[in-house]
Amino acid sequence: MAELTTWYLEMTSAHQLQPRDESRGLTLAECQVNQWPLNRFLYEFVGAAWEWQDKLSWTEQQWRCYVERPELRTWLASCDGSPAGYFELEKQGEDVEIMYFGLAPSFIGRGFGGYLLSQAIRQAWAWDTPSRVWVHTCSQDHPSALANYQARGFTLYNTEVDAI
């Protein structure tokens, strides 16, 4: 039986951020118009390599309800005119969670991950000054995901191990 390890990480102060500021040509823009097909595309485009499956069976209505909320904001990362990755932030009371974060396979290994995560964290802290920014990752994500979160200043606060 295989195991899935999920790590929960948090920052309780914006001063914990240890940014990587070199963009290497990656550009970032917030999606000012909520479009559920775009979020669905990005979820599949980035998540396929990591077997993201929790939203694959969602209906159009479920996607609309998820994306078209004021508590969710989406940023698109691009490089040389092509979508390269994205992140979603969700306001949860006094907290902000980095809901989804990642790069498309063609853009992994080009030094973009630290910069993109730094920008996600900055945007999270800039959103109504939350008391905490948090994220979770698991053993099925990119092998460098946990290290990237910790290198940017996140601290581990919980670990769960489940049989899969």
# chains A, B, ... in the order shown; residues from 1 in each chain; ligands from 1

call {"tool": "closest_atom_pairs", "arguments": {"of": "stretch 3-35 of chain A", "to": "stretch 73-85 of chain A", "cutoff": "7 Å", "atoms": "only C-alpha atoms", "output": "CSV"}}
result
residue,atom,partner,partner_atom,distance
A:Gly25,CA,A:Cys79,CA,6.1
A:Leu26,CA,A:Cys79,CA,4.9
A:Thr27,CA,A:Ser78,CA,5.2
A:Leu28,CA,A:Ala77,CA,4.5
A:Ala29,CA,A:Trp75,CA,5.5
A:Glu30,CA,A:Trp75,CA,4.1
A:Cys31,CA,A:Trp75,CA,5.6

call {"tool": "closest_atom_pairs", "arguments": {"of": "stretch 53-107 of chain A", "to": "stretch 129-143 of chain A", "cutoff": "9 Å", "atoms": "only C-alpha atoms", "output": "CSV"}}
result
residue,atom,partner,partner_atom,distance
A:Lys91,CA,A:Pro130,CA,8.5
A:Gly93,CA,A:Pro130,CA,8.4
A:Glu94,CA,A:Pro130,CA,5.1
A:Asp95,CA,A:Arg132,CA,4.9
A:Val96,CA,A:Val133,CA,4.9
A:Glu97,CA,A:Trp134,CA,4.9
A:Ile98,CA,A:Val135,CA,5.2
A:Met99,CA,A:Val135,CA,6.8
A:Tyr100,CA,A:Val135,CA,8.7

call {"tool": "select_by_dssp", "arguments": {"residues": "stretch 14-101 of chain A", "states": "helix (DSSP H, G or I)", "output": "list in words"}}
result
Ala14, His15, Gln16, Trp36, Pro37, Leu38, Asn39, Arg40, Phe41, Leu42, Tyr43, Glu44, Phe45, Val46, Gly47, Ala48, Ala49, Trp50, Glu60, Gln61, Gln62, Trp63, Arg64, Cys65, Tyr66 and Val67 of chain A

call {"tool": "write_last_selection", "arguments": {"atoms": "N, CA and C atoms", "output": "compact mmCIF listing (two decimals), in the first residue's frame"}}
result
# COMPACT_ATOMS: atom_id res chain seq x y z
N ALA A 14 4.54 38.91 7.04
CA ALA A 14 5.11 39.17 5.71
C ALA A 14 6.63 39.26 5.76
N HIS A 15 7.17 39.56 6.93
CA HIS A 15 8.62 39.68 7.08
C HIS A 15 9.33 38.33 6.99
N GLN A 16 8.59 37.25 7.04
CA GLN A 16 9.18 35.91 6.91
C GLN A 16 9.57 35.60 5.47
N TRP A 36 -14.25 31.00 -15.61
CA TRP A 36 -14.07 29.63 -15.15
C TRP A 36 -13.36 28.73 -16.16
N PRO A 37 -13.57 28.87 -17.49
CA PRO A 37 -12.83 27.99 -18.41
C PRO A 37 -11.31 28.20 -18.34
N LEU A 38 -10.89 29.43 -18.05
CA LEU A 38 -9.46 29.68 -17.91
C LEU A 38 -8.91 28.96 -16.69
N ASN A 39 -9.60 29.08 -15.56
CA ASN A 39 -9.13 28.38 -14.36
C ASN A 39 -9.12 26.87 -14.57
N ARG A 40 -10.13 26.37 -15.22
CA ARG A 40 -10.17 24.93 -15.51
C ARG A 40 -9.00 24.53 -16.40
N PHE A 41 -8.76 25.33 -17.45
CA PHE A 41 -7.62 25.06 -18.33
C PHE A 41 -6.31 25.05 -17.55
N LEU A 42 -6.09 26.08 -16.73
CA LEU A 42 -4.84 26.18 -15.98
C LEU A 42 -4.69 25.03 -14.99
N TYR A 43 -5.77 24.66 -14.34
CA TYR A 43 -5.76 23.54 -13.41
C TYR A 43 -5.30 22.26 -14.13
N GLU A 44 -5.84 22.00 -15.31
CA GLU A 44 -5.48 20.81 -16.07
C GLU A 44 -4.09 20.94 -16.69
N PHE A 45 -3.78 22.12 -17.22
CA PHE A 45 -2.50 22.39 -17.89
C PHE A 45 -1.33 22.21 -16.93
N VAL A 46 -1.44 22.76 -15.75
CA VAL A 46 -0.38 22.68 -14.75
C VAL A 46 -0.47 21.38 -13.96
N GLY A 47 -1.68 20.98 -13.61
CA GLY A 47 -1.86 19.87 -12.69
C GLY A 47 -1.75 18.48 -13.27
N ALA A 48 -1.85 18.33 -14.57
CA ALA A 48 -1.82 16.99 -15.17
C ALA A 48 -0.56 16.22 -14.80
N ALA A 49 0.57 16.90 -14.80
CA ALA A 49 1.85 16.23 -14.49
C ALA A 49 1.90 15.72 -13.06
N TRP A 50 1.07 16.31 -12.19
CA TRP A 50 1.10 15.96 -10.75
C TRP A 50 -0.17 15.23 -10.33
N GLU A 60 -19.71 22.50 -15.16
CA GLU A 60 -19.56 23.93 -15.44
C GLU A 60 -20.06 24.77 -14.26
N GLN A 61 -21.19 24.38 -13.69
CA GLN A 61 -21.75 25.13 -12.57
C GLN A 61 -20.83 25.11 -11.35
N GLN A 62 -20.20 23.99 -11.07
CA GLN A 62 -19.26 23.92 -9.95
C GLN A 62 -18.06 24.82 -10.19
N TRP A 63 -17.54 24.82 -11.42
CA TRP A 63 -16.43 25.71 -11.76
C TRP A 63 -16.84 27.18 -11.60
N ARG A 64 -18.02 27.51 -12.10
CA ARG A 64 -18.51 28.90 -11.97
C ARG A 64 -18.59 29.31 -10.51
N CYS A 65 -19.18 28.46 -9.69
CA CYS A 65 -19.33 28.79 -8.26
C CYS A 65 -17.97 28.96 -7.58
N TYR A 66 -17.00 28.19 -7.99
CA TYR A 66 -15.66 28.27 -7.41
C TYR A 66 -14.94 29.55 -7.85
N VAL A 67 -14.94 29.81 -9.14
CA VAL A 67 -14.13 30.90 -9.71
C VAL A 67 -14.77 32.27 -9.53

call {"tool": "select_by_dssp", "arguments": {"residues": "chain A", "states": "strand (DSSP E)", "output": "JSON, numbers by chain"}}
result
{"A": [3, 4, 5, 6, 7, 8, 9, 10, 11, 27, 28, 29, 30, 72, 73, 74, 75, 76, 77, 78, 79, 82, 83, 84, 85, 86, 87, 88, 89, 90, 91, 92, 95, 96, 97, 98, 99, 100, 101, 102, 103, 132, 133, 134, 135, 136, 137, 138, 155, 156, 157, 158, 159, 160, 161, 162, 163]}
